There are 2 protein chains.
Amino acid sequence: MLGNFSYCNPTKLYFGDDSLNYLNTELPKYGKNVVLIYGGGSIKKNGIYNEVMKLLDENDKNVAEISNVMPNPTVNKLYEGIEIARNHHADLLLAVGGGSVCDYAKAVSVSVNCMEDPWEKYYLRFEEPDCETLPVGCVLTMVGTGSEMNAGAVITNSETKQKIGHVFADEKIMPKFAILNPKYTLTLPHYQMVAGIYDIFNHICEQYFSGEDDNTSDYISEALMRSLLHSSRVANNDPQNYEARSNIMWTATWALNTLISRGKSTDWMVHMIGQSVGAYTNATHGMTLAAVSLPYYRHILPYGLQKFKRFAVNVWDVNPIGKTEEQVAQEGLNAMENWMRELGLVMNLSQLGATEDMLEGIANGTIIMPGGYKVLEHDEIIKILKESLI
Amino acid sequence: MLGNFSYCNPTKLYFGDDSLNYLNTELPKYGKNVVLIYGGGSIKKNGIYNEVMKLLDENDKNVAEISNVMPNPTVNKLYEGIEIARNHHADLLLAVGGGSVCDYAKAVSVSVNCMEDPWEKYYLRFEEPDCETLPVGCVLTMVGTGSEMNAGAVITNSETKQKIGHVFADEKIMPKFAILNPKYTLTLPHYQMVAGIYDIFNHICEQYFSGEDDNTSDYISEALMRSLLHSSRVANNDPQNYEARSNIMWTATWALNTLISRGKSTDWMVHMIGQSVGAYTNATHGMTLAAVSLPYYRHILPYGLQKFKRFAVNVWDVNPIGKTEEQVAQEGLNAMENWMRELGLVMNLSQLGATEDMLEGIANGTIIMPGGYKVLEHDEIIKILKESLI
C-alpha cells in the first residue's frame, strides 16, 4: 500500500548538450555575489571552469571561490566555506562538480546563517535549519549521487571517522536549478564512471529492498534498474556513447530525488556500512557500496525472499520455471554479481585499503537503519564486513 | 537518445487518507479571497464540500463559488468563471473535483487578467499568457487526467464543436498544491473508474509509441503500465481496495506530469481523435479514447513495429519465441484488447452516440500531430473512425 506522504521537487533541470547556456536564464534571478564551488581542478583542465566564469562575467557577477572540495567533504572544509560565503555576502552558491561538490554547497547553504555548530546541529542531532538558507545552483560534471535534485548532504568528520548524510526535510534546501550536460561526463576516468553507475544502482536497491506491499514505486525502480543495466553495458564498451551516458545521467537523478521512496519503507544499510568504510579509507563512495553489497544482500535474502525473487525475474530476466524461490532469488544476485564484475567494480574492501583491524571500528561507526528486511546486529555487520574483505 | 529538454514540476502533492488536513498548511500562504470551483454537486453528497468549506472558514477565507463545471468545460462556462473570479478579486482558485474541474481552474487562472479573448488567444492561437495568473490549488476527487500536476487545460467550444487542449509552457501555471486522497475515489461509479483508468493508460501510450531511440523514459512508461494493469484488475474486482486505488491515483499523476515525455517525441493522435469525438458527442473522455484506440494502433503498427513488439513483451509478457515480429506485436494488442474488455470499457463509438454522418465532421475536427509512427491523412482518420463505429 502507498502510505501517506508529501512530494515536492521544485528544482529546475536543464538537460542536454547545450544546457550550460541556461545559466543566462538562471543567474539574473539572483543577486550580484556568487560563490563558485568546485573540486580538485579537473574543471580547469576540461574548460568548464572558463565557460562558467565567462557566463558569470557576462551576467555581471562578483565571484568568490571555494576550490579543492574533496570527494568526501570534511567538517573543516565546511567551516572554511562558511567563512568565505559569509565574507562574500553570498547571494548564490554555484556548485560545479559531482555529488560531493553539490552536497557541500547545500551544507554551506544551511550553515552560513546558522548560529550553532553545523556538524553538531545537522549531523549529530539531525535538526532542520531554523535560519535563512542560501540558494544553490549546480552544474553537474559527474553522475551518481542524485544530489542535483534532492535535499541531501553528506559530510565527513575525519577526526571522529564519521561520514554522515542528512536529507533535509524542506524542499527549499534542494538546488534551485541544475545544469545536466551528459557531454561533461564523457571524459571521466572509467573507475569514476562505473563507481557512479554502481552508486545509482544501489540507490535504487536501497529503496526497493524494503516492504512487502504492492507499490507503484517498486515498478518504477525496476524500470530504472533495467534502463541502467542496459545503458551501463553500452557505456562500459563505448564510454563515448552519448545516448548511453545521457540515459545514465537522467536515471541517476530519478534514482534519488525521493520519487521511488514515496509511500514505502526503505533500507539504506549498504550506504550506512559503505559510508563507515569511507570514513576509514577515504575510498570512492560507489566502490565502498560495491564492495559490501553482495555479502549484505546474500545475508538478508532469506528475510526478503519474495522481493529478491521479484528482483531476479523483473530486473534480471531469470526464468523461474522449475526452480525453488530460493534458487530464483540467488540467481538474481548471481546475475547482479556477473554484471558488477563485467563493469570492473571493486568487489572487496581490501582493494580499498581496509584491513581486518579496522572492521570493529567500521562496524561501530555504522548507523543501523530499521527499514530493511532484517535489522542488523553488530555481529552481523562484522560478518558482512569479513565476507567483504577479500 | 535523450534529446535536450528542461524539467520543472514544482506542484506540492499531499497524498493519503489524511491529506485534506494539509489545506491548513497551504491556505495561509494565500490572500483572503478564494474561489471554490466544483462540478455537478457530487461533493455535496459525499461530504467533501462541507469538509472543504469548514477548513476555508477556519482559515478565515472569503469564499465565492463556481459550481456546475461540466465534464467537458465550455468556453461560455469559462467566460462566466472569469467574471466571478474578477468580481471576487480572487487570491486563490481552489478546484475540488476531477480533471475537468482542475483544467477549468487553470483556464480561469490564465484568463482573469487577460485583455484578449482567452479562447482565441490560448486555444486557437496557442499563445502563452502575458498577464498575471492566479494560483490554483486542487483537491482531487477523480483520477485520470493528471491535471493536478501539469500545466494543461482542455476547453470545449460547443458551437464550433472544437475540444482543444493547451499545455502551457510555464510551470507557474501548474497547481501550487494538490491534495490526493485515494478514499475520495472509492465512491466513483464503475463507469467513471474504468474510464479514468483507460485515460491514464492512454496517456502513457501516447508518450511511448513514438521514436526509435533508447530512452529511460520508455522504461518508466512500461513500469507505469505494468503497475496500472495490475492495480486496475484488483480494483475492477474489488473497487473498495484502497491499495489498488492509491496506486492508480499515483500512477495517474506520473503518467502525465511531463516526466515520461522528457527527451523524446510523442504521439497524441488517440487524444486528438478522441477529443474531436468528445466535441460531437459530449461523451466521457476516457471512453472516447477507448473506442478509437485499437483501430488506431492496429493501423499504425506496421510503421512502429519494433516498439509494438517491445510493448507486447515488456508490458504484456508475450513470449516472442518462435513467432514473427508482426505476430508478437499483434499479440500485444490482442492482450490489451482482452484487458479493455475485462474492465468493461466502451469499445465502439456507436455506444457513445456517434453516428456515421458525424464521422466527416469528427475527422475534420481532428488536429493532426506529427510525432507518431505515421502522420495520418484525412482518409486514414475516416478509416479508423469507421472501424471504431461498431
# chains A, B, ... in the order shown; residues from 1 in each chain; ligands from 1
>>> residues_around(residues="Trp254 of chain A", least_positions_apart="2", cutoff="10 Å", atoms="only C-alpha atoms", output="VMD selection string")
(chain A and resid 146 149 to 150 200 203 to 204 220 to 221 224 249 to 252 256 to 260) or (chain B and resid 259)
>>> closest_atom_pairs(of="chain A", to="chain B", cutoff="7 Å", atoms="only C-alpha atoms", output="CSV")
residue,atom,partner,partner_atom,distance
A:Met1,CA,B:Glu243,CA,4.6
A:Leu2,CA,B:Ser246,CA,6.3
A:Gly3,CA,B:Gly16,CA,6.6
A:Asn4,CA,B:Gly16,CA,4.3
A:Phe5,CA,B:Phe15,CA,5.3
A:Ser6,CA,B:Tyr14,CA,4.4
A:Tyr7,CA,B:Leu13,CA,5.0
A:Cys8,CA,B:Lys12,CA,4.6
A:Asn9,CA,B:Pro10,CA,5.9
A:Pro10,CA,B:Pro10,CA,4.1
A:Thr11,CA,B:Cys8,CA,6.2
A:Lys12,CA,B:Cys8,CA,4.6
A:Leu13,CA,B:Tyr7,CA,5.0
A:Tyr14,CA,B:Ser6,CA,4.4
A:Phe15,CA,B:Phe5,CA,5.3
A:Gly16,CA,B:Asn4,CA,4.3
A:Asp17,CA,B:Asn4,CA,6.9
A:Asn215,CA,B:Asn247,CA,6.4
A:Thr216,CA,B:Ser227,CA,5.6
A:Tyr219,CA,B:Ala223,CA,5.0
A:Ile220,CA,B:Ala223,CA,5.3
A:Ala223,CA,B:Tyr219,CA,5.0
A:Leu224,CA,B:Ile220,CA,6.8
A:Ser227,CA,B:Thr216,CA,5.6
A:Glu243,CA,B:Met1,CA,4.6
A:Ser246,CA,B:Leu2,CA,6.3
A:Asn247,CA,B:Thr216,CA,5.7
A:Thr251,CA,B:Thr216,CA,6.8
>>> residues_around(residues="Ala363 of chain A", least_positions_apart="4", cutoff="9 Å", atoms="only C-alpha atoms", output="JSON, numbers by chain")
{"A": [273, 276, 277, 358, 359, 367, 378, 379, 381, 382, 385]}
>>> write_last_selection(atoms="all heavy atoms", output="CSV table (one decimal), in the first residue's frame")
chain,number,residue,atom,x,y,z
A,273,ILE,N,26.8,1.0,5.9
A,273,ILE,CA,28.1,0.3,6.0
A,273,ILE,C,29.2,1.0,5.1
A,273,ILE,O,30.3,1.2,5.5
A,273,ILE,CB,27.9,-1.2,5.6
A,273,ILE,CG1,26.9,-1.8,6.5
A,273,ILE,CG2,29.3,-1.9,5.8
A,273,ILE,CD1,26.5,-3.3,6.1
A,276,SER,N,30.6,4.2,6.5
A,276,SER,CA,31.6,3.9,7.5
A,276,SER,C,32.9,3.5,7.0
A,276,SER,O,34.0,3.9,7.5
A,276,SER,CB,31.0,2.9,8.5
A,276,SER,OG,31.8,2.9,9.7
A,277,VAL,N,32.8,2.6,6.0
A,277,VAL,CA,34.1,2.3,5.3
A,277,VAL,C,34.8,3.5,4.7
A,277,VAL,O,36.0,3.7,4.8
A,277,VAL,CB,33.8,1.3,4.1
A,277,VAL,CG1,35.0,1.1,3.2
A,277,VAL,CG2,33.3,-0.1,4.7
A,358,MET,N,40.5,-2.8,11.1
A,358,MET,CA,39.5,-1.7,11.0
A,358,MET,C,38.1,-2.1,11.2
A,358,MET,O,37.2,-1.3,11.4
A,358,MET,CB,39.6,-1.0,9.6
A,358,MET,CG,40.9,-0.2,9.3
A,358,MET,SD,40.7,0.4,7.6
A,358,MET,CE,42.4,1.0,7.4
A,359,LEU,N,37.8,-3.4,11.0
A,359,LEU,CA,36.4,-3.8,10.9
A,359,LEU,C,35.6,-3.5,12.1
A,359,LEU,O,34.4,-3.1,12.0
A,359,LEU,CB,36.3,-5.3,10.6
A,359,LEU,CG,37.1,-5.8,9.3
A,359,LEU,CD1,36.7,-7.2,9.0
A,359,LEU,CD2,36.8,-4.9,8.1
A,367,ILE,N,25.7,3.3,11.2
A,367,ILE,CA,24.4,3.6,11.7
A,367,ILE,C,23.4,2.6,11.3
A,367,ILE,O,23.3,2.2,10.1
A,367,ILE,CB,23.9,5.0,11.2
A,367,ILE,CG1,24.9,6.1,11.7
A,367,ILE,CG2,22.5,5.3,11.7
A,367,ILE,CD1,24.7,7.5,11.0
A,378,HIS,N,25.2,-6.0,15.6
A,378,HIS,CA,26.6,-5.8,15.5
A,378,HIS,C,27.4,-6.9,14.9
A,378,HIS,O,28.2,-6.8,14.0
A,378,HIS,CB,27.2,-5.4,16.9
A,378,HIS,CG,28.7,-5.1,16.8
A,378,HIS,ND1,29.2,-3.8,16.5
A,378,HIS,CD2,29.8,-5.9,17.1
A,378,HIS,CE1,30.5,-3.9,16.5
A,378,HIS,NE2,30.9,-5.1,16.9
A,379,ASP,N,27.1,-8.1,15.4
A,379,ASP,CA,27.8,-9.3,14.9
A,379,ASP,C,27.5,-9.6,13.4
A,379,ASP,O,28.4,-10.1,12.7
A,379,ASP,CB,27.3,-10.6,15.7
A,379,ASP,CG,27.9,-10.6,17.1
A,379,ASP,OD1,28.7,-9.7,17.4
A,379,ASP,OD2,27.5,-11.5,17.9
A,381,ILE,N,27.0,-7.2,11.2
A,381,ILE,CA,27.8,-6.3,10.4
A,381,ILE,C,29.2,-6.8,10.3
A,381,ILE,O,29.8,-6.7,9.2
A,381,ILE,CB,27.7,-4.9,11.0
A,381,ILE,CG1,26.3,-4.4,11.1
A,381,ILE,CG2,28.6,-3.9,10.2
A,381,ILE,CD1,26.1,-3.1,11.8
A,382,ILE,N,29.7,-7.3,11.4
A,382,ILE,CA,31.1,-7.8,11.4
A,382,ILE,C,31.2,-9.0,10.4
A,382,ILE,O,32.1,-9.0,9.6
A,382,ILE,CB,31.5,-8.3,12.8
A,382,ILE,CG1,31.6,-7.1,13.8
A,382,ILE,CG2,32.8,-9.2,12.8
A,382,ILE,CD1,32.9,-6.3,13.6
A,385,LEU,N,31.2,-7.6,6.9
A,385,LEU,CA,32.4,-6.9,6.6
A,385,LEU,C,33.5,-7.9,6.4
A,385,LEU,O,34.4,-7.7,5.5
A,385,LEU,CB,32.8,-6.0,7.8
A,385,LEU,CG,32.0,-4.7,7.9
A,385,LEU,CD1,32.3,-4.0,9.2
A,385,LEU,CD2,32.3,-3.7,6.7
>>> select_by_dssp(residues="segment 112-348 of chain A", states="helix (DSSP H, G or I)", output="number ranges by chain")
A: 118-124, 147-149, 171-173, 182-185, 190-208, 216-237, 242-255, 259-261, 269-281, 285-316, 325-343
>>> atom_distance(atom1="atom CA of Val52 of chain B", atom2="atom CA of Met174 of chain B")
21.0 Å
>>> residues_around(residues="Thr74 of chain B", least_positions_apart="6", cutoff="7 Å", atoms="only C-alpha atoms", output="list in words")
Ile155, Thr156, Asn157 and Ser158 of chain B
>>> residues_around(residues="His166 of chain B", least_positions_apart="6", cutoff="10 Å", atoms="only C-alpha atoms", output="list in words")
Asp103, Ala107, Tyr122, Tyr123, Leu124, Phe126, Glu127, Glu128, Ala151, Gly152, Ala153, Val154 and Ile155 of chain B
>>> write_last_selection(atoms="N, CA, C and O atoms", output="short mmCIF file (atom, residue, chain, number, x, y, z; two decimals), in the first residue's frame")
data_model
loop_
_atom_site.label_atom_id
_atom_site.label_comp_id
_atom_site.auth_asym_id
_atom_site.auth_seq_id
_atom_site.Cartn_x
_atom_site.Cartn_y
_atom_site.Cartn_z
N ASP B 103 -8.64 21.43 -14.86
CA ASP B 103 -8.36 22.10 -16.14
C ASP B 103 -9.04 23.47 -16.20
O ASP B 103 -8.43 24.48 -16.58
N ALA B 107 -7.62 27.27 -16.69
CA ALA B 107 -8.06 28.16 -17.78
C ALA B 107 -8.53 29.50 -17.22
O ALA B 107 -8.25 30.56 -17.80
N TYR B 122 -5.56 31.46 -26.39
CA TYR B 122 -4.92 30.25 -25.87
C TYR B 122 -5.26 29.00 -26.66
O TYR B 122 -4.47 28.06 -26.71
N TYR B 123 -6.45 28.96 -27.28
CA TYR B 123 -6.90 27.71 -27.89
C TYR B 123 -6.90 27.75 -29.41
O TYR B 123 -6.82 26.71 -30.05
N LEU B 124 -6.98 28.92 -30.00
CA LEU B 124 -6.86 28.98 -31.46
C LEU B 124 -5.45 29.41 -31.87
O LEU B 124 -4.89 28.87 -32.80
N PHE B 126 -2.80 29.37 -29.61
CA PHE B 126 -1.85 28.66 -28.73
C PHE B 126 -0.77 29.57 -28.14
O PHE B 126 0.38 29.19 -28.01
N GLU B 127 -1.15 30.77 -27.79
CA GLU B 127 -0.18 31.69 -27.18
C GLU B 127 -0.05 31.43 -25.68
O GLU B 127 -0.90 30.80 -25.06
N GLU B 128 1.02 31.95 -25.13
CA GLU B 128 1.26 31.86 -23.68
C GLU B 128 0.71 33.11 -23.00
O GLU B 128 0.65 34.17 -23.63
N ALA B 151 0.48 21.53 -16.58
CA ALA B 151 0.03 22.88 -16.96
C ALA B 151 -0.93 22.81 -18.13
O ALA B 151 -1.03 23.75 -18.92
N GLY B 152 -1.66 21.71 -18.24
CA GLY B 152 -2.59 21.54 -19.35
C GLY B 152 -4.01 21.95 -18.96
O GLY B 152 -4.40 21.85 -17.79
N ALA B 153 -4.78 22.40 -19.94
CA ALA B 153 -6.18 22.75 -19.71
C ALA B 153 -6.93 22.56 -21.02
O ALA B 153 -6.63 23.23 -22.01
N VAL B 154 -7.91 21.65 -21.01
CA VAL B 154 -8.72 21.38 -22.20
C VAL B 154 -10.04 22.15 -22.07
O VAL B 154 -10.69 22.10 -21.03
N ILE B 155 -10.40 22.85 -23.11
CA ILE B 155 -11.67 23.60 -23.14
C ILE B 155 -12.42 23.25 -24.44
O ILE B 155 -11.79 23.01 -25.48
#
>>> closest_residue(among="B:Glu65, B:Glu26, B:Asp57, B:Glu331", to="Tyr38 of chain B", atoms="only C-alpha atoms")
B:Glu65
>>> residues_around(residues="Gly137 of chain A", least_positions_apart="4", cutoff="7 Å", atoms="only C-alpha atoms", output="PDB file with all heavy atoms, in the first residue's frame")
ATOM      1  N   LEU A  93      25.080  30.180  -4.254  1.00  0.00           N
ATOM      2  CA  LEU A  93      26.187  29.229  -4.232  1.00  0.00           C
ATOM      3  C   LEU A  93      26.095  28.413  -5.519  1.00  0.00           C
ATOM      4  O   LEU A  93      25.091  27.734  -5.745  1.00  0.00           O
ATOM      5  CB  LEU A  93      26.076  28.308  -3.012  1.00  0.00           C
ATOM      6  CG  LEU A  93      26.003  28.996  -1.644  1.00  0.00           C
ATOM      7  CD1 LEU A  93      25.716  27.960  -0.548  1.00  0.00           C
ATOM      8  CD2 LEU A  93      27.300  29.753  -1.346  1.00  0.00           C
ATOM      9  N   LEU A  94      27.124  28.484  -6.354  1.00  0.00           N
ATOM     10  CA  LEU A  94      27.092  27.757  -7.624  1.00  0.00           C
ATOM     11  C   LEU A  94      28.101  26.606  -7.573  1.00  0.00           C
ATOM     12  O   LEU A  94      29.312  26.819  -7.606  1.00  0.00           O
ATOM     13  CB  LEU A  94      27.411  28.702  -8.800  1.00  0.00           C
ATOM     14  CG  LEU A  94      27.310  28.064 -10.185  1.00  0.00           C
ATOM     15  CD1 LEU A  94      25.887  27.590 -10.479  1.00  0.00           C
ATOM     16  CD2 LEU A  94      27.766  29.057 -11.265  1.00  0.00           C
ATOM     17  N   ALA A  95      27.579  25.387  -7.470  1.00  0.00           N
ATOM     18  CA  ALA A  95      28.420  24.192  -7.382  1.00  0.00           C
ATOM     19  C   ALA A  95      28.702  23.672  -8.782  1.00  0.00           C
ATOM     20  O   ALA A  95      27.781  23.462  -9.557  1.00  0.00           O
ATOM     21  CB  ALA A  95      27.705  23.125  -6.561  1.00  0.00           C
ATOM     22  N   PRO A 175      18.585  22.146  -4.720  1.00  0.00           N
ATOM     23  CA  PRO A 175      19.085  23.162  -5.650  1.00  0.00           C
ATOM     24  C   PRO A 175      17.933  23.852  -6.383  1.00  0.00           C
ATOM     25  O   PRO A 175      16.935  23.214  -6.727  1.00  0.00           O
ATOM     26  CB  PRO A 175      19.947  22.345  -6.622  1.00  0.00           C
ATOM     27  CG  PRO A 175      20.404  21.180  -5.815  1.00  0.00           C
ATOM     28  CD  PRO A 175      19.241  20.850  -4.915  1.00  0.00           C
ATOM     29  N   LYS A 176      18.079  25.144  -6.603  1.00  0.00           N
ATOM     30  CA  LYS A 176      17.052  25.882  -7.354  1.00  0.00           C
ATOM     31  C   LYS A 176      17.079  25.462  -8.812  1.00  0.00           C
ATOM     32  O   LYS A 176      16.046  25.445  -9.475  1.00  0.00           O
ATOM     33  CB  LYS A 176      17.284  27.398  -7.267  1.00  0.00           C
ATOM     34  CG  LYS A 176      17.280  27.959  -5.866  1.00  0.00           C
ATOM     35  CD  LYS A 176      15.963  27.726  -5.155  1.00  0.00           C
ATOM     36  CE  LYS A 176      16.032  28.187  -3.707  1.00  0.00           C
ATOM     37  NZ  LYS A 176      15.070  27.472  -2.861  1.00  0.00           N
ATOM     38  N   PHE A 177      18.266  25.195  -9.299  1.00  0.00           N
ATOM     39  CA  PHE A 177      18.381  24.733 -10.689  1.00  0.00           C
ATOM     40  C   PHE A 177      19.593  23.825 -10.808  1.00  0.00           C
ATOM     41  O   PHE A 177      20.511  23.877  -9.973  1.00  0.00           O
ATOM     42  CB  PHE A 177      18.479  25.915 -11.667  1.00  0.00           C
ATOM     43  CG  PHE A 177      19.721  26.747 -11.496  1.00  0.00           C
ATOM     44  CD1 PHE A 177      20.893  26.437 -12.168  1.00  0.00           C
ATOM     45  CD2 PHE A 177      19.717  27.859 -10.645  1.00  0.00           C
ATOM     46  CE1 PHE A 177      22.038  27.205 -11.999  1.00  0.00           C
ATOM     47  CE2 PHE A 177      20.859  28.631 -10.472  1.00  0.00           C
ATOM     48  CZ  PHE A 177      22.024  28.300 -11.151  1.00  0.00           C
ATOM     49  N   ALA A 178      19.592  22.995 -11.831  1.00  0.00           N
ATOM     50  CA  ALA A 178      20.744  22.140 -12.105  1.00  0.00           C
ATOM     51  C   ALA A 178      20.906  22.014 -13.617  1.00  0.00           C
ATOM     52  O   ALA A 178      19.926  21.863 -14.349  1.00  0.00           O
ATOM     53  CB  ALA A 178      20.565  20.766 -11.472  1.00  0.00           C
TER      54      ALA A 178
END
>>> atom_distance(atom1="atom CA of Ser109 of chain A", atom2="atom CA of Met70 of chain A")
17.5 Å
>>> atom_distance(atom1="atom CA of Asp199 of chain B", atom2="atom CA of Arg125 of chain B")
26.2 Å
